[in-house]
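Engineer: Below is the file target.tsv, which contains TSV, C-alpha atoms.
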chain	number	residue	atom	x	y	z
A	1	MET	CA	0.00	0.00	0.00
A	2	ARG	CA	1.61	3.22	-1.10
A	3	ARG	CA	0.96	6.75	0.00
A	4	ARG	CA	-0.73	7.64	-3.25
A	5	HIS	CA	-2.68	10.40	-1.59
A	6	ARG	CA	0.55	12.40	-1.19
A	7	ALA	CA	0.91	12.78	-4.95
A	8	MET	CA	-2.79	13.58	-5.23
A	9	HIS	CA	-2.44	16.22	-2.47
A	10	ARG	CA	0.38	17.85	-4.39
A	11	THR	CA	-1.54	17.92	-7.68
A	12	VAL	CA	-4.74	19.20	-6.09
A	13	TRP	CA	-2.98	22.03	-4.28
A	14	VAL	CA	-0.96	23.14	-7.29
A	15	ILE	CA	-4.28	23.49	-9.15
A	16	LEU	CA	-5.97	25.24	-6.22
A	17	ALA	CA	-3.01	27.59	-5.77
A	18	VAL	CA	-3.82	28.93	-9.24
A	19	LEU	CA	-7.60	28.59	-9.15
A	20	LEU	CA	-8.32	30.25	-5.79
A	21	PRO	CA	-6.54	33.57	-6.51
A	22	ALA	CA	-8.16	33.59	-9.97
A	23	ILE	CA	-11.60	33.33	-8.34
A	24	LEU	CA	-10.80	36.12	-5.89
A	25	ILE	CA	-9.40	38.43	-8.57
A	26	GLY	CA	-12.36	37.67	-10.83
A	27	ALA	CA	-14.82	38.38	-8.03
A	28	MET	CA	-13.10	41.66	-7.21
A	29	SER	CA	-13.21	42.72	-10.85
A	30	ILE	CA	-16.99	42.31	-11.15
A	31	ARG	CA	-17.72	44.28	-8.00
A	32	ARG	CA	-19.89	47.30	-8.53
A	33	ASP	CA	-18.29	50.56	-7.50
A	34	GLY	CA	-20.08	53.27	-5.66
A	35	PRO	CA	-22.56	53.30	-2.82
A	36	THR	CA	-24.29	49.96	-2.65
A	37	GLU	CA	-27.10	51.29	-0.51
A	38	ALA	CA	-28.49	53.31	-3.42
A	39	PRO	CA	-31.64	51.71	-4.82
A	40	ALA	CA	-31.00	49.82	-8.05
A	41	ILE	CA	-34.20	51.15	-9.64
A	42	ARG	CA	-35.35	54.72	-9.22
A	43	LEU	CA	-39.08	55.12	-9.41
A	44	ALA	CA	-40.43	58.14	-11.17
A	45	ALA	CA	-42.09	60.74	-8.99
A	46	PRO	CA	-45.90	60.60	-9.11
A	47	GLN	CA	-47.39	63.03	-11.65
B	1	MET	CA	-4.33	2.58	19.10
B	2	SER	CA	-7.71	1.05	19.50
B	3	ALA	CA	-9.57	-2.14	20.40
B	4	ARG	CA	-11.96	-3.95	18.05
B	5	TYR	CA	-14.79	-1.49	18.67
B	6	LYS	CA	-13.54	2.05	18.88
B	7	PRO	CA	-15.48	4.42	21.10
B	8	VAL	CA	-14.32	8.02	21.36
B	9	GLY	CA	-11.41	7.91	23.76
B	10	TRP	CA	-11.61	11.04	25.85
B	11	ASN	CA	-8.49	12.03	27.74
B	12	PRO	CA	-7.29	15.26	29.40
B	13	SER	CA	-5.48	16.40	26.23
B	14	LYS	CA	-8.59	16.02	24.08
B	15	ILE	CA	-10.77	17.76	26.66
B	16	ALA	CA	-8.28	20.66	26.92
B	17	TYR	CA	-8.05	20.88	23.10
B	18	ASP	CA	-11.82	21.07	22.70
B	19	ALA	CA	-12.21	23.48	25.62
B	20	VAL	CA	-9.66	25.90	24.17
B	21	LEU	CA	-11.32	25.67	20.77
B	22	LEU	CA	-14.79	26.32	22.20
B	23	VAL	CA	-13.55	29.30	24.22
B	24	VAL	CA	-11.86	30.79	21.12
B	25	ILE	CA	-15.05	30.37	19.08
B	26	LEU	CA	-17.23	31.91	21.80
B	27	LEU	CA	-14.79	34.81	22.25
B	28	TYR	CA	-14.69	35.48	18.50
B	29	VAL	CA	-18.45	35.38	18.03
B	30	GLY	CA	-19.03	37.33	21.24
B	31	MET	CA	-16.55	40.03	20.26
B	32	PHE	CA	-18.02	40.21	16.77
B	33	LEU	CA	-21.55	40.66	18.09
B	34	TRP	CA	-20.38	43.19	20.67
B	35	VAL	CA	-17.87	45.19	18.60
B	36	ALA	CA	-19.47	45.20	15.13
B	37	PRO	CA	-22.52	47.29	16.09
B	38	ARG	CA	-20.16	50.08	17.25
B	39	PHE	CA	-18.70	50.45	13.74
B	40	GLN	CA	-21.92	50.64	11.82
B	41	HIS	CA	-22.65	53.07	9.04
B	42	VAL	CA	-24.58	55.88	10.71
B	43	THR	CA	-27.14	56.25	7.94
B	44	LEU	CA	-27.54	52.56	7.27
B	45	PRO	CA	-27.11	50.56	10.46
B	46	LEU	CA	-26.70	46.84	10.09
B	47	ASP	CA	-29.51	44.84	11.57
B	48	ALA	CA	-28.85	42.26	14.23
B	49	TRP	CA	-29.49	39.38	11.83
B	50	THR	CA	-26.83	40.53	9.38
B	51	ILE	CA	-24.29	40.87	12.16
B	52	ARG	CA	-25.06	37.36	13.39
B	53	ILE	CA	-24.80	35.94	9.86
B	54	ASP	CA	-21.41	37.64	9.41
B	55	ALA	CA	-20.19	36.57	12.85
B	56	PHE	CA	-20.83	32.86	12.35
B	57	GLY	CA	-19.94	32.95	8.64
B	58	THR	CA	-16.53	34.55	9.15
B	59	CYS	CA	-15.90	32.31	12.15
B	60	ALA	CA	-16.61	29.18	10.08
B	61	PHE	CA	-14.36	30.45	7.26
B	62	LEU	CA	-11.46	31.17	9.63
B	63	LEU	CA	-11.90	27.78	11.34
B	64	LEU	CA	-11.84	26.01	7.97
B	65	THR	CA	-8.71	27.95	7.07
B	66	LEU	CA	-6.97	26.90	10.30
B	67	LEU	CA	-8.21	23.33	9.88
B	68	LEU	CA	-6.64	23.07	6.43
B	69	CYS	CA	-3.38	24.61	7.64
B	70	ILE	CA	-2.88	22.01	10.39
B	71	GLY	CA	-1.89	19.15	8.04
B	72	PRO	CA	0.93	20.93	6.17
B	73	LEU	CA	2.09	22.71	9.34
B	74	ALA	CA	2.47	19.34	11.11
B	75	ARG	CA	4.42	17.99	8.12
B	76	LEU	CA	6.69	21.03	8.01
B	77	ASP	CA	7.31	21.40	11.74
B	78	PRO	CA	6.92	18.56	14.28
B	79	ARG	CA	6.11	21.13	16.97
B	80	CYS	CA	2.71	21.52	15.32
B	81	LEU	CA	1.89	17.81	15.65
B	82	PRO	CA	-0.24	18.33	18.79
B	83	LEU	CA	-2.65	20.34	16.63
B	84	LEU	CA	-3.12	17.27	14.45
B	85	TYR	CA	-3.93	15.06	17.41
B	86	ASN	CA	-7.55	16.17	17.72
B	87	ARG	CA	-8.15	17.58	14.26
B	88	ARG	CA	-11.37	15.65	13.77
B	89	HIS	CA	-12.98	17.42	16.74
B	90	PHE	CA	-11.84	20.68	15.15
B	91	GLY	CA	-13.60	19.68	11.94
B	92	VAL	CA	-16.84	18.75	13.68
B	93	LEU	CA	-16.85	22.10	15.54
B	94	THR	CA	-16.24	23.92	12.24
B	95	CYS	CA	-19.25	22.13	10.77
B	96	GLY	CA	-21.29	23.15	13.85
B	97	VAL	CA	-20.38	26.84	13.40
B	98	ALA	CA	-21.19	26.63	9.67
B	99	LEU	CA	-24.57	25.09	10.53
B	100	THR	CA	-25.26	27.95	12.94
B	101	HIS	CA	-24.39	30.43	10.16
B	102	VAL	CA	-26.86	28.68	7.86
B	103	TYR	CA	-29.53	28.55	10.56
B	104	VAL	CA	-29.26	32.29	11.23
B	105	ALA	CA	-29.16	33.15	7.52
B	106	PHE	CA	-32.04	30.87	6.68
B	107	ASP	CA	-34.21	32.36	9.38
B	108	TRP	CA	-33.66	35.83	7.97
B	109	TYR	CA	-33.48	35.15	4.27
B	110	PHE	CA	-37.01	34.09	3.41
B	111	THR	CA	-38.90	35.54	6.34
B	112	ALA	CA	-41.15	37.61	4.08
B	113	SER	CA	-41.44	35.00	1.35
B	114	PRO	CA	-44.73	33.15	0.95
B	115	MET	CA	-42.78	30.16	-0.42
B	116	ASP	CA	-41.38	27.32	1.56
B	117	PRO	CA	-37.87	28.48	2.57
B	118	TYR	CA	-36.17	25.38	1.17
B	119	VAL	CA	-37.96	25.75	-2.17
B	120	ALA	CA	-37.22	29.48	-2.19
B	121	LEU	CA	-33.52	28.86	-1.55
B	122	LEU	CA	-33.24	26.66	-4.62
B	123	THR	CA	-35.60	28.53	-6.96
B	124	ALA	CA	-35.74	32.22	-5.98
B	125	ASN	CA	-32.56	33.22	-7.79
B	126	THR	CA	-31.95	31.64	-11.18
B	127	SER	CA	-29.39	34.12	-12.52
B	128	PHE	CA	-26.99	31.39	-13.52
B	129	ALA	CA	-26.02	33.14	-16.76
B	130	ARG	CA	-24.30	36.11	-15.14
B	131	LEU	CA	-21.65	36.37	-12.46
B	132	HIS	CA	-22.99	39.42	-10.70
B	133	GLY	CA	-26.05	38.26	-8.84
B	134	PHE	CA	-25.17	34.60	-9.28
B	135	PRO	CA	-26.99	32.44	-6.69
B	136	PHE	CA	-23.94	32.18	-4.46
B	137	GLU	CA	-26.02	30.52	-1.75
B	138	LEU	CA	-25.83	27.25	-3.67
B	139	PHE	CA	-22.05	27.15	-3.23
B	140	GLY	CA	-22.64	27.52	0.49
B	141	VAL	CA	-25.17	24.68	0.42
B	142	GLY	CA	-22.64	22.51	-1.40
B	143	ALA	CA	-19.90	23.31	1.12
B	144	LEU	CA	-22.23	22.57	4.01
B	145	LEU	CA	-23.21	19.20	2.55
B	146	VAL	CA	-19.54	18.26	2.23
B	147	LEU	CA	-18.79	19.39	5.80
B	148	LEU	CA	-21.79	17.42	7.09
B	149	LEU	CA	-20.62	14.31	5.25
B	150	LEU	CA	-17.12	14.66	6.68
B	151	ALA	CA	-18.35	15.40	10.20
B	152	SER	CA	-20.73	12.44	10.17
B	153	THR	CA	-17.96	10.07	9.02
B	154	SER	CA	-15.28	11.42	11.35
B	155	HIS	CA	-15.82	8.73	13.99
B	156	ASP	CA	-13.34	5.86	14.26
B	157	PHE	CA	-16.15	3.46	13.33
B	158	TRP	CA	-16.24	4.92	9.82
B	159	LEU	CA	-12.45	4.94	9.61
B	160	ALA	CA	-12.39	1.20	10.34
B	161	PHE	CA	-15.42	0.48	8.15
B	162	LEU	CA	-14.20	2.39	5.08
B	163	THR	CA	-10.49	1.48	5.64
B	164	PRO	CA	-7.86	4.23	5.98
B	165	PRO	CA	-7.11	4.77	2.24
B	166	LEU	CA	-10.78	5.23	1.34
B	167	TRP	CA	-11.46	7.33	4.44
B	168	LYS	CA	-8.50	9.57	3.67
B	169	ALA	CA	-9.64	9.96	0.06
B	170	LEU	CA	-13.16	10.83	1.24
B	171	HIS	CA	-11.87	13.42	3.69
B	172	MET	CA	-9.86	15.12	0.96
B	173	ALA	CA	-13.29	16.49	0.03
B	174	SER	CA	-12.53	19.18	2.62
B	175	TYR	CA	-10.50	20.85	-0.15
B	176	ALA	CA	-13.63	20.94	-2.32
B	177	ALA	CA	-15.50	22.43	0.64
B	178	TYR	CA	-12.88	25.19	0.89
B	179	LEU	CA	-13.18	25.90	-2.84
B	180	LEU	CA	-16.97	26.10	-2.54
B	181	VAL	CA	-16.70	28.42	0.47
B	182	VAL	CA	-14.33	30.71	-1.46
B	183	LEU	CA	-16.84	30.83	-4.34
B	184	HIS	CA	-19.69	31.42	-1.86
B	185	VAL	CA	-17.92	34.37	-0.22
B	186	SER	CA	-16.46	35.80	-3.45
B	187	LEU	CA	-19.80	35.98	-5.23
B	188	GLY	CA	-21.75	36.80	-2.07
B	189	ALA	CA	-20.44	38.84	0.83
B	190	LEU	CA	-17.43	40.18	-1.08
B	191	GLN	CA	-19.66	41.81	-3.70
B	192	ASP	CA	-21.37	43.95	-1.06
B	193	ALA	CA	-18.44	44.53	1.30
B	194	ARG	CA	-17.93	48.24	1.86
B	195	ASN	CA	-14.37	47.99	3.18
B	196	PRO	CA	-11.40	45.91	2.02
B	197	LEU	CA	-11.12	43.88	5.23
B	198	LEU	CA	-12.94	40.83	3.86
B	199	ALA	CA	-10.77	40.78	0.72
B	200	VAL	CA	-7.65	41.01	2.89
B	201	VAL	CA	-8.85	38.15	5.10
B	202	MET	CA	-9.62	35.98	2.08
B	203	THR	CA	-6.28	36.70	0.45
B	204	THR	CA	-4.42	35.87	3.67
B	205	SER	CA	-6.42	32.66	4.05
B	206	MET	CA	-5.63	31.52	0.50
B	207	VAL	CA	-1.95	32.37	0.77
B	208	CYS	CA	-1.69	30.42	4.03
B	209	VAL	CA	-3.70	27.36	2.98
B	210	ALA	CA	-2.47	26.95	-0.60
B	211	GLY	CA	1.08	28.15	0.16
B	212	LEU	CA	1.59	25.77	3.07
B	213	HIS	CA	0.23	22.80	1.11
B	214	VAL	CA	2.43	23.53	-1.90
B	215	ILE	CA	5.55	24.02	0.26
B	216	ALA	CA	4.89	20.84	2.28
B	217	GLY	CA	4.24	18.87	-0.92
B	218	ARG	CA	7.50	20.02	-2.50
B	219	ARG	CA	9.49	19.19	0.61
B	220	GLU	CA	7.98	15.69	0.77
B	221	ARG	CA	8.67	15.07	-2.91
B	222	THR	CA	12.32	16.05	-2.44
B	223	ARG	CA	12.60	13.81	0.62
B	224	ASP	CA	10.92	10.89	-1.16
B	225	ARG	CA	13.33	11.21	-4.10
B	226	ASN	CA	16.35	11.31	-1.81
B	227	THR	CA	15.28	8.24	0.14
B	228	ALA	CA	14.34	6.36	-3.02
B	229	SER	CA	17.80	6.84	-4.46
B	230	SER	CA	19.48	5.42	-1.37
B	231	HIS	CA	18.88	1.78	-2.22
B	232	THR	CA	20.10	-0.38	-5.06
B	233	ALA	CA	20.03	-3.94	-6.32
B	234	ALA	CA	17.39	-6.61	-5.56
B	235	PRO	CA	16.66	-8.86	-3.77
B	236	TRP	CA	18.18	-7.11	-0.72
B	237	VAL	CA	18.27	-3.34	-0.86
B	238	VAL	CA	20.80	-1.11	0.84
B	239	ALA	CA	18.96	1.06	3.34
B	240	GLY	CA	21.95	3.09	4.52
B	241	PRO	CA	24.65	3.05	7.18
B	242	VAL	CA	23.83	1.71	10.62
B	243	ASP	CA	25.16	4.90	12.18
B	244	GLY	CA	22.58	6.87	10.21
B	245	ILE	CA	19.80	5.62	12.45
B	246	ALA	CA	19.53	7.40	15.80
B	247	GLU	CA	18.45	5.53	18.92
B	248	SER	CA	14.64	5.26	19.21
B	249	ARG	CA	14.31	6.80	15.74
B	250	ALA	CA	13.92	5.50	12.20
B	251	ILE	CA	14.94	6.00	8.62
B	252	VAL	CA	12.43	5.50	5.81
B	253	VAL	CA	13.28	3.51	2.69
B	254	HIS	CA	11.07	3.53	-0.41
B	255	LEU	CA	11.08	0.22	-2.24
B	256	ALA	CA	10.97	-0.05	-6.02
B	257	ASP	CA	7.16	-0.39	-5.96
B	258	GLY	CA	6.88	2.78	-3.85
B	259	GLU	CA	6.13	0.97	-0.59
B	260	PRO	CA	7.70	2.90	2.30
B	261	VAL	CA	9.44	0.91	5.05
B	262	ALA	CA	10.56	2.33	8.40
B	263	ILE	CA	13.70	0.88	10.00
B	264	PHE	CA	13.80	1.59	13.73
B	265	ARG	CA	16.73	1.38	16.12
B	266	HIS	CA	15.88	0.50	19.70
B	267	ALA	CA	18.10	-0.80	22.53
B	268	GLY	CA	20.92	-1.51	20.09
B	269	ARG	CA	18.77	-3.54	17.70
B	270	LEU	CA	17.14	-2.83	14.36
B	271	SER	CA	13.60	-3.74	13.20
B	272	ALA	CA	11.72	-2.90	10.02
B	273	VAL	CA	7.98	-2.41	9.61
B	274	SER	CA	5.67	-0.76	7.08
B	275	ASN	CA	5.88	3.01	7.38
B	276	LEU	CA	2.08	3.32	7.16
B	277	CYS	CA	0.16	3.41	10.42
B	278	ALA	CA	-2.84	1.06	10.36
B	279	HIS	CA	-5.00	3.87	11.72
B	280	GLN	CA	-4.76	6.63	9.11
B	281	ASN	CA	-1.62	5.81	7.09
B	282	GLY	CA	0.38	8.15	9.32
B	283	PRO	CA	4.17	8.25	8.71
B	284	LEU	CA	5.47	5.94	11.45
B	285	GLY	CA	9.08	6.61	10.48
B	286	GLU	CA	8.64	10.22	11.56
B	287	GLY	CA	7.64	9.04	15.02
B	288	ARG	CA	9.82	7.51	17.69
B	289	ILE	CA	9.88	4.65	20.17
B	290	PHE	CA	8.18	5.24	23.51
B	291	ASP	CA	8.03	2.54	26.16
B	292	GLY	CA	9.45	0.02	23.70
B	293	CYS	CA	6.75	0.70	21.10
B	294	ILE	CA	6.85	2.54	17.77
B	295	THR	CA	4.55	5.53	18.28
B	296	CYS	CA	2.78	7.18	15.35
B	297	PRO	CA	3.41	10.94	15.32
B	298	TRP	CA	-0.15	11.65	14.20
B	299	HIS	CA	-2.43	10.06	16.80
B	300	GLY	CA	-0.16	8.05	19.07
B	301	TYR	CA	-1.05	4.56	17.82
B	302	GLN	CA	1.64	2.12	19.01
B	303	TYR	CA	3.26	-1.05	17.64
B	304	ARG	CA	5.95	-3.43	18.82
B	305	PRO	CA	9.01	-3.14	16.54
B	306	GLU	CA	9.70	-6.87	16.36
B	307	ASP	CA	6.27	-8.08	15.18
B	308	GLY	CA	4.39	-4.91	14.16
B	309	CYS	CA	1.52	-5.71	16.56
B	310	ALA	CA	-0.21	-3.12	18.74
B	311	PRO	CA	0.12	-4.17	22.39
B	312	PRO	CA	-2.97	-5.90	23.88
B	313	PRO	CA	-5.89	-5.29	23.99
B	314	PHE	CA	-5.42	-3.47	20.68
B	315	THR	CA	-5.53	-5.30	17.40
B	316	GLU	CA	-3.77	-3.26	14.71
B	317	ARG	CA	-0.89	-4.99	12.92
B	318	LEU	CA	1.78	-3.93	10.45
B	319	ALA	CA	3.75	-5.84	7.84
B	320	THR	CA	7.31	-6.60	8.97
B	321	TYR	CA	10.55	-6.96	7.01
B	322	ARG	CA	13.80	-8.86	7.46
B	323	LEU	CA	17.07	-7.02	7.95
B	324	ARG	CA	20.73	-7.83	8.01
B	325	ILE	CA	23.92	-5.82	8.46
B	326	GLU	CA	26.98	-6.07	6.22
B	327	ASN	CA	30.07	-3.86	6.48
B	328	GLY	CA	28.23	-1.30	8.57
B	329	MET	CA	25.38	-1.06	6.06
B	330	VAL	CA	21.76	-2.04	6.74
B	331	LEU	CA	20.28	-4.37	4.12
B	332	LEU	CA	16.52	-4.80	3.79
B	333	ASP	CA	14.61	-7.72	2.27
B	334	PRO	CA	11.91	-6.01	0.16
B	335	ARG	CA	9.52	-8.96	0.48
B	336	ALA	CA	7.00	-8.04	3.19
B	337	ASN	CA	6.04	-10.57	5.84
B	338	PRO	CA	2.34	-10.92	6.72
B	339	PRO	CA	1.14	-8.28	9.21
B	340	GLY	CA	2.02	-9.23	12.78
B	341	ASN	CA	4.73	-11.71	11.75
B	342	PHE	CA	7.60	-11.85	14.25
B	343	VAL	CA	11.08	-11.06	12.89
B	344	GLU	CA	14.10	-11.31	15.16
B	345	PRO	CA	15.62	-7.81	15.50
B	346	VAL	CA	19.17	-7.44	14.19
B	347	SER	CA	21.80	-6.54	16.76
B	348	VAL	CA	23.88	-3.48	15.85
B	349	ALA	CA	26.87	-4.47	18.01
Could you spell out this file's structure in structure tokens?
Structural biologist:
Amino acid sequence: MRRRHRAMHRTVWVILAVLLPAILIGAMSIRRDGPTEAPAIRLAAPQ
Amino acid sequence: MSARYKPVGWNPSKIAYDAVLLVVILLYVGMFLWVAPRFQHVTLPLDAWTIRIDAFGTCAFLLLTLLLCIGPLARLDPRCLPLLYNRRHFGVLTCGVALTHVYVAFDWYFTASPMDPYVALLTANTSFARLHGFPFELFGVGALLVLLLLASTSHDFWLAFLTPPLWKALHMASYAAYLLVVLHVSLGALQDARNPLLAVVMTTSMVCVAGLHVIAGRRERTRDRNTASSHTAAPWVVAGPVDGIAESRAIVVHLADGEPVAIFRHAGRLSAVSNLCAHQNGPLGEGRIFDGCITCPWHGYQYRPEDGCAPPPFTERLATYRLRIENGMVLLDPRANPPGNFVEPVSVA
């Protein structure tokens, strides 16, 4: 019985070391700037 | 080590470990609930529910980060091994905090919805085609399901039932849970965060978790290559000089088929056993001999060097190997004996 999981650990974490920062950078890039508390839709004033 | 049926073996170390962990969690959540309201936006105060969701959510994320750092830290520095000793309790507590986060969020999320909350969770947001507004909750659900699976199979019964290789493979799903949590936070809380603190915390977490795993993996690969190159021709392989083995310690030899063997020196005699602990495949060769028994550095399982058997009433057994010494060099027979087979230790003198 060999410690196959060691090689799998290494492969998984090399992939994750690239994937995780990519997710974070991607998520930061799609953030909306400006005040988030502003309503997304402005209703017209009643006539 | 364990007997045939393996109840949870509580001892003072485990109780202290869990107590410290519980106190840290309570302090973190308590401080969060107490401090956060004092830093609210004046014109848009956070409601109590949001603060509770954030408190338990960030706590679960930090616990998962620490949990995933324990393995590589223990491999890089033996002083961190005590953290590994009770890691499963750590994991179960992490799952408990994540469940509390979900409970608090769920209570708040669909309060005003006429739909069943479970149905609403899965059907209310179907914006799968765009990243902004993506139903990030589903990543959280996925992570929670993985954590629940791991927590429910963390007992020794499941370890024995599934066998260590399968159990270890199953519990590598914690990496998938971390990935899902990162997606959950990135597309959820991070999109609405008004200050950079959350992004800083996430970056630090990723650097620590991924960096430590990559560094530990590289170090192990280098060590494996070095040990593999230390032996030569069959049928007996040269393990190294006798003087290279310290008293009560071992060297590890990798056979041609990749099987690791630990050669221990104890009381002036040498014995060889499989390097894989019968409990969780722990690296026995990185442990030492206590009270005449090889002691696994991970969870303290013990085996007699001469026959690879755990002392009574425990039942674990390891494969043993024959040794001989020629011209100050240790030679190892690569053909494994059946687990528990007695082999006369070789005298160094």
Engineer: CA of Pro164 in chain B and CA of Ala272 in chain B, how far apart in Å?
Structural biologist: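 Interatomic distance, CA of Ala272 in chain B to CA of Pro164 in chain B: 21.2 Å.
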Engineer: How many Å lie between CA of Ile15 in chain A and CA of Met206 in chain B, rounded to one decimal?
Structural biologist: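 Taking CA of Ile15 in chain A and CA of Met206 in chain B, their separation equals 12.6 Å.
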Engineer: Show me, as an mmCIF file with C-alpha atoms, in the coordinates of the input, the residues that have an atom within 10 Å of His171 in chain B when counting only C-alpha atoms, minus same-chain residues fewer than 3 positions from it.
Structural biologist:
data_model
loop_
_atom_site.group_PDB
_atom_site.id
_atom_site.type_symbol
_atom_site.label_atom_id
_atom_site.label_comp_id
_atom_site.auth_asym_id
_atom_site.auth_seq_id
_atom_site.Cartn_x
_atom_site.Cartn_y
_atom_site.Cartn_z
ATOM 1 C CA VAL B 146 -19.540 18.260 2.230
ATOM 2 C CA LEU B 147 -18.790 19.390 5.800
ATOM 3 C CA LEU B 149 -20.620 14.310 5.250
ATOM 4 C CA LEU B 150 -17.120 14.660 6.680
ATOM 5 C CA ALA B 151 -18.350 15.400 10.200
ATOM 6 C CA THR B 153 -17.960 10.070 9.020
ATOM 7 C CA SER B 154 -15.280 11.420 11.350
ATOM 8 C CA PRO B 165 -7.110 4.770 2.240
ATOM 9 C CA LEU B 166 -10.780 5.230 1.340
ATOM 10 C CA TRP B 167 -11.460 7.330 4.440
ATOM 11 C CA LYS B 168 -8.500 9.570 3.670
ATOM 12 C CA SER B 174 -12.530 19.180 2.620
ATOM 13 C CA TYR B 175 -10.500 20.850 -0.150
ATOM 14 C CA ALA B 176 -13.630 20.940 -2.320
#
Engineer: Counting all atoms listed in the file, give me one row per residue of chain A with an atom at most 6 Å from an atom of chain B, showing the shortest contact pair and its distance in Å to one decimal, sorted by chain then residue number, as a Markdown table.
Structural biologist:
| residue | atom | partner | partner_atom | distance |
| --- | --- | --- | --- | --- |
| A:Arg2 | CA | B:Glu259 | CA | 5.1 |
| A:Arg10 | CA | B:Gly217 | CA | 5.3 |
| A:Ala17 | CA | B:Ala210 | CA | 5.2 |
| A:Ala27 | CA | B:Ser186 | CA | 5.5 |
| A:Arg31 | CA | B:Gln191 | CA | 5.3 |
Engineer: How many Å lie between CA of Lys14 in chain B and CA of Leu84 in chain B, rounded to one decimal?
Structural biologist: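 Distance between the two atoms: 11.1 Å.
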Engineer: Could you name the residues that touch Asp18 in chain B at 12 Å or less, counting all atoms listed in the file, but leaving out those on the same chain fewer than 2 positions away, as a VMD selection string?
Structural biologist: chain B and resid 10 to 16 20 to 25 83 85 to 94
Engineer: Quick one: of B:Thr222, B:Asn341, B:Asn195, B:Thr295, who's nearest to Arg317 in chain B, counting only C-alpha atoms?
Structural biologist: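 So, comparing all the options, the nearest one is B:Asn341.
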